[in-house]
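Chemist: query_17.cif is the file, holding mmCIF, C-alpha atoms:
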```
data_input
loop_
_atom_site.group_PDB
_atom_site.id
_atom_site.type_symbol
_atom_site.label_atom_id
_atom_site.label_comp_id
_atom_site.auth_asym_id
_atom_site.auth_seq_id
_atom_site.Cartn_x
_atom_site.Cartn_y
_atom_site.Cartn_z
ATOM 1 C CA MET X 17 -18.217 12.534 21.400
ATOM 2 C CA GLY X 18 -15.994 15.412 22.476
ATOM 3 C CA ARG X 19 -12.827 15.701 24.516
ATOM 4 C CA SER X 20 -13.090 14.560 28.109
ATOM 5 C CA ASP X 21 -12.344 18.065 29.410
ATOM 6 C CA GLY X 22 -15.454 19.259 27.600
ATOM 7 C CA SER X 23 -13.564 21.944 25.736
ATOM 8 C CA LEU X 24 -15.098 20.763 22.472
ATOM 9 C CA ASN X 25 -18.722 19.852 22.225
ATOM 10 C CA ILE X 26 -18.817 18.085 18.893
ATOM 11 C CA ASP X 27 -20.220 14.838 17.647
ATOM 12 C CA THR X 28 -17.516 12.621 16.260
ATOM 13 C CA GLY X 29 -13.911 11.767 16.911
ATOM 14 C CA ALA X 30 -13.072 12.457 13.276
ATOM 15 C CA VAL X 31 -14.431 16.012 13.482
ATOM 16 C CA SER X 32 -12.702 16.552 16.807
ATOM 17 C CA SER X 33 -9.328 15.496 15.460
ATOM 18 C CA ARG X 34 -9.810 17.777 12.418
ATOM 19 C CA LEU X 35 -10.298 20.774 14.688
ATOM 20 C CA LEU X 36 -7.328 19.842 16.837
ATOM 21 C CA ALA X 37 -5.163 19.491 13.745
ATOM 22 C CA LEU X 38 -6.286 22.925 12.543
ATOM 23 C CA ALA X 39 -5.071 24.295 15.858
ATOM 24 C CA ASP X 40 -1.761 22.543 15.349
ATOM 25 C CA PRO X 41 -0.992 22.331 11.609
ATOM 26 C CA SER X 42 2.405 20.824 12.352
ATOM 27 C CA GLU X 43 0.735 17.559 13.381
ATOM 28 C CA LYS X 44 2.032 14.978 10.914
ATOM 29 C CA ARG X 45 -0.302 12.025 11.241
ATOM 30 C CA ILE X 46 -0.468 9.289 8.647
ATOM 31 C CA LEU X 47 -2.680 6.219 8.398
ATOM 32 C CA VAL X 48 -0.895 3.370 6.615
ATOM 33 C CA VAL X 49 -3.074 0.623 5.124
ATOM 34 C CA ASP X 50 -1.599 -2.685 3.962
ATOM 35 C CA ASP X 51 -2.592 -6.315 4.380
ATOM 36 C CA ASP X 52 1.017 -7.509 4.443
ATOM 37 C CA ASP X 53 2.411 -7.500 7.995
ATOM 38 C CA LEU X 54 6.025 -7.137 6.940
ATOM 39 C CA GLU X 55 5.372 -4.325 4.485
ATOM 40 C CA LEU X 56 3.213 -2.541 7.037
ATOM 41 C CA THR X 57 5.964 -2.761 9.657
ATOM 42 C CA LEU X 58 8.567 -1.639 7.122
ATOM 43 C CA ILE X 59 6.632 1.468 6.062
ATOM 44 C CA CYS X 60 5.577 2.385 9.612
ATOM 45 C CA ASP X 61 9.134 2.023 10.970
ATOM 46 C CA ARG X 62 10.500 4.249 8.207
ATOM 47 C CA LEU X 63 7.870 6.916 8.722
ATOM 48 C CA ARG X 64 8.215 6.892 12.519
ATOM 49 C CA ALA X 65 11.965 7.327 12.089
ATOM 50 C CA HIS X 66 11.110 10.544 10.223
ATOM 51 C CA GLU X 67 8.950 11.643 13.143
ATOM 52 C CA PHE X 68 5.573 11.062 11.571
ATOM 53 C CA GLN X 69 2.810 9.874 13.895
ATOM 54 C CA VAL X 70 1.741 6.637 12.303
ATOM 55 C CA SER X 71 -1.350 4.471 12.723
ATOM 56 C CA GLN X 72 -1.983 1.312 10.783
ATOM 57 C CA ALA X 73 -4.798 -0.770 9.319
ATOM 58 C CA ALA X 74 -4.765 -4.181 7.654
ATOM 59 C CA ASN X 75 -7.382 -3.424 4.978
ATOM 60 C CA GLY X 76 -9.751 -0.758 3.690
ATOM 61 C CA GLN X 77 -12.581 -1.704 6.033
ATOM 62 C CA GLU X 78 -10.373 -1.399 9.100
ATOM 63 C CA ALA X 79 -9.082 1.927 7.786
ATOM 64 C CA LEU X 80 -12.612 3.262 7.316
ATOM 65 C CA GLU X 81 -13.455 2.330 10.900
ATOM 66 C CA ILE X 82 -10.375 4.172 12.162
ATOM 67 C CA LEU X 83 -11.202 7.173 9.976
ATOM 68 C CA GLU X 84 -14.712 7.307 11.491
ATOM 69 C CA ARG X 85 -13.116 7.893 14.880
ATOM 70 C CA GLN X 86 -10.159 10.037 13.927
ATOM 71 C CA TRP X 87 -9.288 12.286 11.027
ATOM 72 C CA PHE X 88 -5.975 11.761 9.271
ATOM 73 C CA PRO X 89 -4.515 14.348 6.908
ATOM 74 C CA VAL X 90 -2.738 11.643 4.898
ATOM 75 C CA VAL X 91 -3.655 8.045 4.115
ATOM 76 C CA LEU X 92 -1.036 5.866 2.465
ATOM 77 C CA THR X 93 -2.747 2.766 1.146
ATOM 78 C CA ASP X 94 -1.959 -0.383 -0.753
ATOM 79 C CA TRP X 95 -4.300 -1.197 -3.643
ATOM 80 C CA GLN X 96 -4.972 -4.934 -3.596
ATOM 81 C CA MET X 97 -6.103 -6.160 -0.183
ATOM 82 C CA PRO X 98 -8.674 -8.645 1.069
ATOM 83 C CA VAL X 99 -11.979 -7.473 2.622
ATOM 84 C CA MET X 100 -11.747 -3.989 1.071
ATOM 85 C CA ASP X 101 -9.117 -2.764 -1.360
ATOM 86 C CA GLY X 102 -7.509 0.672 -1.488
ATOM 87 C CA LEU X 103 -9.621 1.789 -4.433
ATOM 88 C CA GLU X 104 -12.887 1.079 -2.628
ATOM 89 C CA LEU X 105 -11.536 2.698 0.540
ATOM 90 C CA THR X 106 -10.866 5.888 -1.421
ATOM 91 C CA GLN X 107 -14.232 5.774 -3.169
ATOM 92 C CA ARG X 108 -16.053 5.323 0.165
ATOM 93 C CA LEU X 109 -14.119 8.209 1.726
ATOM 94 C CA ARG X 110 -14.956 10.533 -1.149
ATOM 95 C CA GLN X 111 -18.626 9.414 -1.103
ATOM 96 C CA LYS X 112 -18.725 10.474 2.542
ATOM 97 C CA GLY X 113 -17.547 13.905 1.441
ATOM 98 C CA VAL X 114 -14.076 13.558 2.939
ATOM 99 C CA THR X 115 -11.930 15.750 0.697
ATOM 100 C CA ASP X 116 -9.476 16.993 3.307
ATOM 101 C CA THR X 117 -7.665 13.676 3.559
ATOM 102 C CA PHE X 118 -4.887 13.257 1.008
ATOM 103 C CA VAL X 119 -4.841 9.689 -0.301
ATOM 104 C CA ILE X 120 -1.617 8.251 -1.690
ATOM 105 C CA MET X 121 -1.929 4.890 -3.406
ATOM 106 C CA LEU X 122 1.220 2.848 -2.880
ATOM 107 C CA THR X 123 1.189 -0.158 -5.157
ATOM 108 C CA VAL X 124 3.111 -2.339 -7.518
ATOM 109 C CA LEU X 125 0.456 -1.920 -10.241
ATOM 110 C CA ASN X 126 1.840 0.576 -12.728
ATOM 111 C CA SER X 127 -0.017 0.594 -16.023
ATOM 112 C CA SER X 128 -1.534 3.856 -17.258
ATOM 113 C CA PHE X 129 -4.939 2.163 -16.994
ATOM 114 C CA ASP X 130 -4.303 1.531 -13.275
ATOM 115 C CA TYR X 131 -3.268 5.164 -12.757
ATOM 116 C CA GLU X 132 -6.419 6.383 -14.462
ATOM 117 C CA ARG X 133 -8.681 4.154 -12.382
ATOM 118 C CA ALA X 134 -7.013 5.303 -9.172
ATOM 119 C CA TYR X 135 -7.301 9.014 -9.967
ATOM 120 C CA GLU X 136 -10.924 8.600 -11.060
ATOM 121 C CA SER X 137 -11.658 7.020 -7.687
ATOM 122 C CA GLY X 138 -10.398 10.081 -5.856
ATOM 123 C CA VAL X 139 -6.792 9.126 -5.178
ATOM 124 C CA ASP X 140 -4.649 12.272 -4.903
ATOM 125 C CA ASP X 141 -1.291 10.726 -5.673
ATOM 126 C CA TYR X 142 0.063 7.449 -6.856
ATOM 127 C CA LEU X 143 3.383 5.953 -5.909
ATOM 128 C CA SER X 144 5.081 2.770 -7.071
ATOM 129 C CA LYS X 145 6.427 0.424 -4.418
ATOM 130 C CA ARG X 146 9.684 0.541 -6.359
ATOM 131 C CA GLN X 147 10.307 4.185 -5.606
ATOM 132 C CA PRO X 148 13.174 4.891 -3.229
ATOM 133 C CA ASP X 149 12.507 6.190 0.308
ATOM 134 C CA VAL X 150 13.408 9.735 -0.653
ATOM 135 C CA GLU X 151 10.582 9.800 -3.200
ATOM 136 C CA LEU X 152 8.110 8.532 -0.622
ATOM 137 C CA TYR X 153 9.060 11.239 1.877
ATOM 138 C CA ALA X 154 8.969 13.895 -0.833
ATOM 139 C CA ARG X 155 5.437 12.877 -1.843
ATOM 140 C CA ILE X 156 4.271 12.821 1.761
ATOM 141 C CA HIS X 157 5.689 16.275 2.441
ATOM 142 C CA ALA X 158 4.033 17.491 -0.766
ATOM 143 C CA ALA X 159 0.758 16.004 0.500
ATOM 144 C CA PHE X 160 0.930 17.964 3.752
ATOM 145 C CA THR X 161 1.842 21.144 1.869
ATOM 146 C CA THR X 162 -1.078 20.665 -0.513
ATOM 147 C CA LEU X 163 -3.465 20.116 2.388
ATOM 148 C CA ASN X 164 -2.284 23.284 4.107
ATOM 149 C CA LEU X 165 -2.745 25.253 0.885
ATOM 150 C CA ARG X 166 -6.248 23.835 0.464
ATOM 151 C CA ARG X 167 -7.076 24.878 4.015
ATOM 152 C CA GLU X 168 -5.744 28.389 3.472
ATOM 153 C CA LEU X 169 -7.701 28.692 0.236
ATOM 154 C CA LYS X 170 -10.870 27.581 1.994
ATOM 155 C CA ALA X 171 -10.297 30.084 4.802
ATOM 156 C CA ALA X 172 -9.609 32.880 2.297
ATOM 157 C CA ARG X 173 -12.822 32.074 0.419
ATOM 158 C CA ALA X 174 -14.772 32.050 3.666
ATOM 159 C CA ALA X 175 -13.287 35.439 4.607
ATOM 160 C CA LEU X 176 -14.184 36.859 1.182
ATOM 161 C CA ALA X 177 -17.692 35.480 1.466
ATOM 162 C CA ALA X 178 -18.074 36.959 4.957
ATOM 163 C CA ALA X 179 -16.975 40.338 3.587
ATOM 164 C CA GLY X 180 -19.542 40.026 0.815
ATOM 165 C CA LEU X 181 -16.849 39.903 -1.854
ATOM 166 C CA MET X 182 -17.711 36.484 -3.271
ATOM 167 C CA PRO X 183 -20.345 36.205 -5.999
ATOM 168 C CA MET I 15 19.325 9.059 21.271
ATOM 169 C CA SER I 16 21.373 10.992 18.693
ATOM 170 C CA GLU I 17 20.259 11.235 15.092
ATOM 171 C CA ARG I 18 23.016 8.853 14.084
ATOM 172 C CA ASP I 19 22.025 6.308 16.739
ATOM 173 C CA ALA I 20 18.413 6.545 15.591
ATOM 174 C CA ARG I 21 19.491 5.959 11.984
ATOM 175 C CA ASP I 22 21.597 2.956 13.010
ATOM 176 C CA ALA I 23 18.721 1.530 15.057
ATOM 177 C CA LEU I 24 16.409 1.896 12.052
ATOM 178 C CA GLN I 25 18.949 0.132 9.830
ATOM 179 C CA VAL I 26 19.073 -2.783 12.261
ATOM 180 C CA GLN I 27 15.261 -2.990 12.302
ATOM 181 C CA LEU I 28 15.022 -2.831 8.511
ATOM 182 C CA SER I 29 17.734 -5.420 8.086
ATOM 183 C CA ALA I 30 15.897 -7.823 10.412
ATOM 184 C CA LEU I 31 12.688 -7.254 8.425
ATOM 185 C CA SER I 32 14.543 -8.011 5.174
ATOM 186 C CA VAL I 33 15.727 -11.329 6.597
ATOM 187 C CA GLN I 34 12.146 -12.166 7.565
ATOM 188 C CA PHE I 35 10.980 -11.207 4.088
ATOM 189 C CA LEU I 36 13.552 -13.506 2.439
ATOM 190 C CA GLU I 37 12.658 -16.430 4.703
ATOM 191 C CA ARG I 38 8.971 -15.944 4.022
ATOM 192 C CA THR I 39 9.574 -15.671 0.286
ATOM 193 C CA ARG I 40 11.623 -18.851 0.303
ATOM 194 C CA GLY I 41 8.611 -20.681 1.746
ATOM 195 C CA GLN I 42 6.294 -19.043 -0.756
ATOM 196 C CA VAL I 43 8.463 -20.162 -3.675
ATOM 197 C CA GLY I 44 7.979 -23.737 -2.457
ATOM 198 C CA GLN I 45 4.231 -23.128 -2.467
ATOM 199 C CA LEU I 46 4.386 -21.752 -6.016
ATOM 200 C CA GLU I 47 6.098 -24.948 -7.226
ATOM 201 C CA LEU I 48 3.336 -27.097 -5.741
ATOM 202 C CA LEU I 49 0.653 -24.825 -7.190
ATOM 203 C CA VAL I 50 2.102 -25.147 -10.699
ATOM 204 C CA GLU I 51 1.843 -28.924 -10.398
ATOM 205 C CA ARG I 52 -1.815 -28.586 -9.369
ATOM 206 C CA ILE I 53 -2.512 -26.176 -12.237
ATOM 207 C CA GLY I 54 -0.923 -28.694 -14.595
ATOM 208 C CA ARG I 55 -3.524 -31.204 -13.364
ATOM 209 C CA GLY I 56 -6.283 -28.701 -14.209
ATOM 210 C CA GLU I 57 -7.067 -27.382 -10.707
ATOM 211 C CA ALA I 58 -8.485 -23.930 -11.339
ATOM 212 C CA ALA I 59 -8.409 -22.901 -7.649
ATOM 213 C CA ALA I 60 -4.631 -23.277 -7.670
ATOM 214 C CA LEU I 61 -4.387 -20.594 -10.362
ATOM 215 C CA LEU I 62 -5.981 -18.013 -8.060
ATOM 216 C CA GLU I 63 -3.580 -18.972 -5.263
ATOM 217 C CA LEU I 64 -0.628 -18.722 -7.639
ATOM 218 C CA ARG I 65 -1.755 -15.256 -8.660
ATOM 219 C CA ALA I 66 -2.227 -14.119 -5.033
ATOM 220 C CA ILE I 67 1.164 -15.359 -3.823
ATOM 221 C CA SER I 68 3.052 -14.022 -6.830
ATOM 222 C CA HIS I 69 1.360 -10.632 -6.390
ATOM 223 C CA LYS I 70 2.492 -10.546 -2.768
ATOM 224 C CA ILE I 71 6.097 -11.359 -3.673
ATOM 225 C CA HIS I 72 5.973 -8.860 -6.547
ATOM 226 C CA GLY I 73 4.921 -6.043 -4.188
ATOM 227 C CA SER I 74 6.991 -6.954 -1.147
ATOM 228 C CA GLY I 75 10.099 -7.570 -3.270
ATOM 229 C CA ALA I 76 9.752 -4.032 -4.620
ATOM 230 C CA MET I 77 9.158 -2.548 -1.161
ATOM 231 C CA PHE I 78 12.131 -4.330 0.375
ATOM 232 C CA GLY I 79 14.415 -3.261 -2.451
ATOM 233 C CA PHE I 80 14.814 -6.629 -4.190
ATOM 234 C CA PRO I 81 13.860 -5.900 -7.822
ATOM 235 C CA ASP I 82 15.410 -9.191 -8.985
ATOM 236 C CA ILE I 83 12.930 -11.011 -6.754
ATOM 237 C CA SER I 84 10.022 -8.728 -7.571
ATOM 238 C CA ASP I 85 10.437 -9.032 -11.368
ATOM 239 C CA PRO I 86 9.999 -12.805 -11.853
ATOM 240 C CA ALA I 87 7.096 -12.726 -9.383
ATOM 241 C CA GLY I 88 5.566 -9.960 -11.503
ATOM 242 C CA GLU I 89 5.943 -12.188 -14.590
ATOM 243 C CA ILE I 90 4.057 -14.999 -12.848
ATOM 244 C CA GLU I 91 1.368 -12.540 -11.741
ATOM 245 C CA ARG I 92 0.929 -11.182 -15.293
ATOM 246 C CA ALA I 93 0.858 -14.672 -16.828
ATOM 247 C CA SER I 94 -1.759 -15.684 -14.242
ATOM 248 C CA ASP I 95 -3.861 -12.605 -14.976
ATOM 249 C CA GLU I 96 -3.759 -13.356 -18.694
ATOM 250 C CA LEU I 97 -4.773 -16.949 -18.156
ATOM 251 C CA LEU I 98 -7.511 -15.928 -15.689
ATOM 252 C CA ALA I 99 -8.888 -13.489 -18.265
ATOM 253 C CA ARG I 100 -8.812 -16.163 -20.954
ATOM 254 C CA ASP I 101 -9.776 -19.346 -19.172
ATOM 255 C CA ALA I 102 -10.263 -18.897 -15.414
ATOM 256 C CA LYS I 103 -11.799 -22.366 -14.981
ATOM 257 C CA LEU I 104 -9.130 -24.077 -17.086
ATOM 258 C CA GLU I 105 -11.921 -25.559 -19.196
ATOM 259 C CA HIS I 106 -10.124 -25.528 -22.525
ATOM 260 C CA PRO I 107 -8.466 -28.745 -23.643
ATOM 261 C CA GLY I 108 -4.977 -28.897 -22.191
ATOM 262 C CA GLY I 109 -5.941 -26.625 -19.287
ATOM 263 C CA ALA I 110 -3.319 -24.013 -18.554
ATOM 264 C CA GLY I 111 -1.312 -24.926 -21.659
ATOM 265 C CA THR I 112 2.341 -25.731 -22.061
ATOM 266 C CA GLU I 113 3.342 -22.150 -22.757
ATOM 267 C CA PHE I 114 1.916 -20.907 -19.440
ATOM 268 C CA LEU I 115 3.472 -23.749 -17.439
ATOM 269 C CA GLN I 116 6.874 -23.271 -19.068
ATOM 270 C CA CYS I 117 6.804 -19.517 -18.541
ATOM 271 C CA VAL I 118 5.814 -19.838 -14.877
ATOM 272 C CA THR I 119 8.276 -22.655 -14.185
ATOM 273 C CA ALA I 120 11.116 -20.613 -15.673
ATOM 274 C CA ALA I 121 10.123 -17.569 -13.579
ATOM 275 C CA ILE I 122 9.992 -19.708 -10.422
ATOM 276 C CA GLY I 123 13.492 -20.970 -11.243
ATOM 277 C CA ARG I 124 14.771 -17.386 -11.454
ATOM 278 C CA LEU I 125 12.921 -16.492 -8.280
ATOM 279 C CA THR I 126 14.519 -19.409 -6.424
ATOM 280 C CA ARG I 127 18.013 -18.367 -7.529
ATOM 281 C CA GLU I 128 17.465 -14.711 -6.636
ATOM 282 C CA VAL I 129 16.082 -15.533 -3.192
ATOM 283 C CA GLU I 130 19.077 -17.769 -2.464
ATOM 284 C CA THR I 131 21.500 -15.130 -3.713
ATOM 285 C CA ALA I 132 19.862 -12.498 -1.516
ATOM 286 C CA ARG I 133 19.811 -14.851 1.509
ATOM 287 C CA ASN I 134 23.495 -15.605 1.079
ATOM 288 C CA GLY I 135 24.191 -11.903 0.841
ATOM 289 C CA LYS I 136 22.394 -11.331 4.134
ATOM 290 C CA LYS I 137 24.315 -13.995 6.027
#
```
Take the structure from the file and write it as structure tokens.
Modeler:
Amino acid sequence: MGRSDGSLNIDTGAVSSRLLALADPSEKRILVVDDDDLELTLICDRLRAHEFQVSQAANGQEALEILERQWFPVVLTDWQMPVMDGLELTQRLRQKGVTDTFVIMLTVLNSSFDYERAYESGVDDYLSKRQPDVELYARIHAAFTTLNLRRELKAARAALAAAGLMP
Amino acid sequence: MSERDARDALQVQLSALSVQFLERTRGQVGQLELLVERIGRGEAAALLELRAISHKIHGSGAMFGFPDISDPAGEIERASDELLARDAKLEHPGGAGTEFLQCVTAAIGRLTREVETARNGKK
């Protein structure tokens, strides 16, 4: 599935949106995943007010389906949800080899054991629901910065490899 | 729309969401009271419901900036988790036990007061 103008002849929506985002690194898209309607609206309203492009999903399964069609640089997910929780969502994403999506776990669970489980599952950052807005925005901006650095590193490695300078 | 207008519009939206949250939580506190009665009668399914609702209030309270609502809900959630780990089917004599019921009832009392205080503050 490519763009309707045929300018990209690639297979999936997720790949297509990755390439488009590479062309426009300023694109600030976030997928927010939460089973609580009010919390979902609250987070999405706040992020939209800060000019992020926000999509939403009610659980991990719904998020995975969206991520099959479209790539998101950042996923902000709750942990405990029916159908599929945030931990399983992250594990499934990583199993599919998706490493260029930055996953932030936003939850009220806050023991060191919970942190460890989340990081082991492939979560990139972990944020308590008690943190003030400013902390949330700071973490999200840090996520986009990290992703851009990862991309640049990958491109630099590819350039070195092409020049025969990588072992 | 100017930046200030946009900020004001967001404040109005967030304030309306907070009111909805408090109304919803008020209803949920009523549910928690009924669930405690059922747990006292040895209904194990009610314990799972109690845990689920208290978890929701715990998280949403934190998100909406009501730590005094989130905290007692967190206490109920933790007490439920401990009991679930120990005796999920409430098979031991005495079921949930007096200590659990007293702890949860006290937390629900605090939750009720905090929700009312917050609702009055919003009016």
Chemist: Which neighbours of range 85-97 of chain X fall inside 8 Å, counting only C-alpha atoms, when residues of the same chain fewer than 5 positions from it are skipped, and could you give them as a PDB file with C-alpha atoms, in the frame of the given file?
Modeler:
```
ATOM      1  CA  THR X  28     -17.516  12.621  16.260  1.00  0.00           C
ATOM      2  CA  GLY X  29     -13.911  11.767  16.911  1.00  0.00           C
ATOM      3  CA  ALA X  30     -13.072  12.457  13.276  1.00  0.00           C
ATOM      4  CA  VAL X  31     -14.431  16.012  13.482  1.00  0.00           C
ATOM      5  CA  SER X  32     -12.702  16.552  16.807  1.00  0.00           C
ATOM      6  CA  SER X  33      -9.328  15.496  15.460  1.00  0.00           C
ATOM      7  CA  ARG X  34      -9.810  17.777  12.418  1.00  0.00           C
ATOM      8  CA  LYS X  44       2.032  14.978  10.914  1.00  0.00           C
ATOM      9  CA  ARG X  45      -0.302  12.025  11.241  1.00  0.00           C
ATOM     10  CA  ILE X  46      -0.468   9.289   8.647  1.00  0.00           C
ATOM     11  CA  LEU X  47      -2.680   6.219   8.398  1.00  0.00           C
ATOM     12  CA  VAL X  48      -0.895   3.370   6.615  1.00  0.00           C
ATOM     13  CA  VAL X  49      -3.074   0.623   5.124  1.00  0.00           C
ATOM     14  CA  ASP X  50      -1.599  -2.685   3.962  1.00  0.00           C
ATOM     15  CA  ASP X  51      -2.592  -6.315   4.380  1.00  0.00           C
ATOM     16  CA  ASN X  75      -7.382  -3.424   4.978  1.00  0.00           C
ATOM     17  CA  GLY X  76      -9.751  -0.758   3.690  1.00  0.00           C
ATOM     18  CA  GLY X 102      -7.509   0.672  -1.488  1.00  0.00           C
ATOM     19  CA  LEU X 103      -9.621   1.789  -4.433  1.00  0.00           C
ATOM     20  CA  ASP X 116      -9.476  16.993   3.307  1.00  0.00           C
ATOM     21  CA  THR X 117      -7.665  13.676   3.559  1.00  0.00           C
ATOM     22  CA  PHE X 118      -4.887  13.257   1.008  1.00  0.00           C
ATOM     23  CA  VAL X 119      -4.841   9.689  -0.301  1.00  0.00           C
ATOM     24  CA  ILE X 120      -1.617   8.251  -1.690  1.00  0.00           C
ATOM     25  CA  MET X 121      -1.929   4.890  -3.406  1.00  0.00           C
ATOM     26  CA  LEU X 122       1.220   2.848  -2.880  1.00  0.00           C
ATOM     27  CA  THR X 123       1.189  -0.158  -5.157  1.00  0.00           C
ATOM     28  CA  ILE X 156       4.271  12.821   1.761  1.00  0.00           C
ATOM     29  CA  ALA X 159       0.758  16.004   0.500  1.00  0.00           C
ATOM     30  CA  PHE X 160       0.930  17.964   3.752  1.00  0.00           C
ATOM     31  CA  LEU X 163      -3.465  20.116   2.388  1.00  0.00           C
TER      32      LEU X 163
END
```
Chemist: At what distance in Å, to one decimal, does CA of Gly79 in chain I lie from CA of Ser32 in chain I?
Modeler: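 Separation of CA of Ser32 in chain I and CA of Gly79 in chain I: 9.0 Å.
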Chemist: Determine the residue membership of the PyMOL selection byres ((chain X) within 9 of (chain I)) for the file above and supply it as a count of residues only.
Modeler: 18
Chemist: Could you give me, as an MDAnalysis selection string, the residues within 10 Å of Ile67 in chain I, counting only C-alpha atoms and dropping anything in the same chain fewer than 2 positions from it?
Modeler: chainID I and resid 39 42:43 45:46 62:65 69:72 87 90:91
Chemist: CA of Glu47 in chain I and CA of Leu125 in chain I are how many Å apart?
Modeler: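 Going from CA of Glu47 in chain I over to CA of Leu125 in chain I covers 10.9 Å.
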Chemist: Could you state the separation of CA of Arg124 in chain I and CA of Leu48 in chain I in Å, given to one decimal place?
Modeler: 16.1 Å
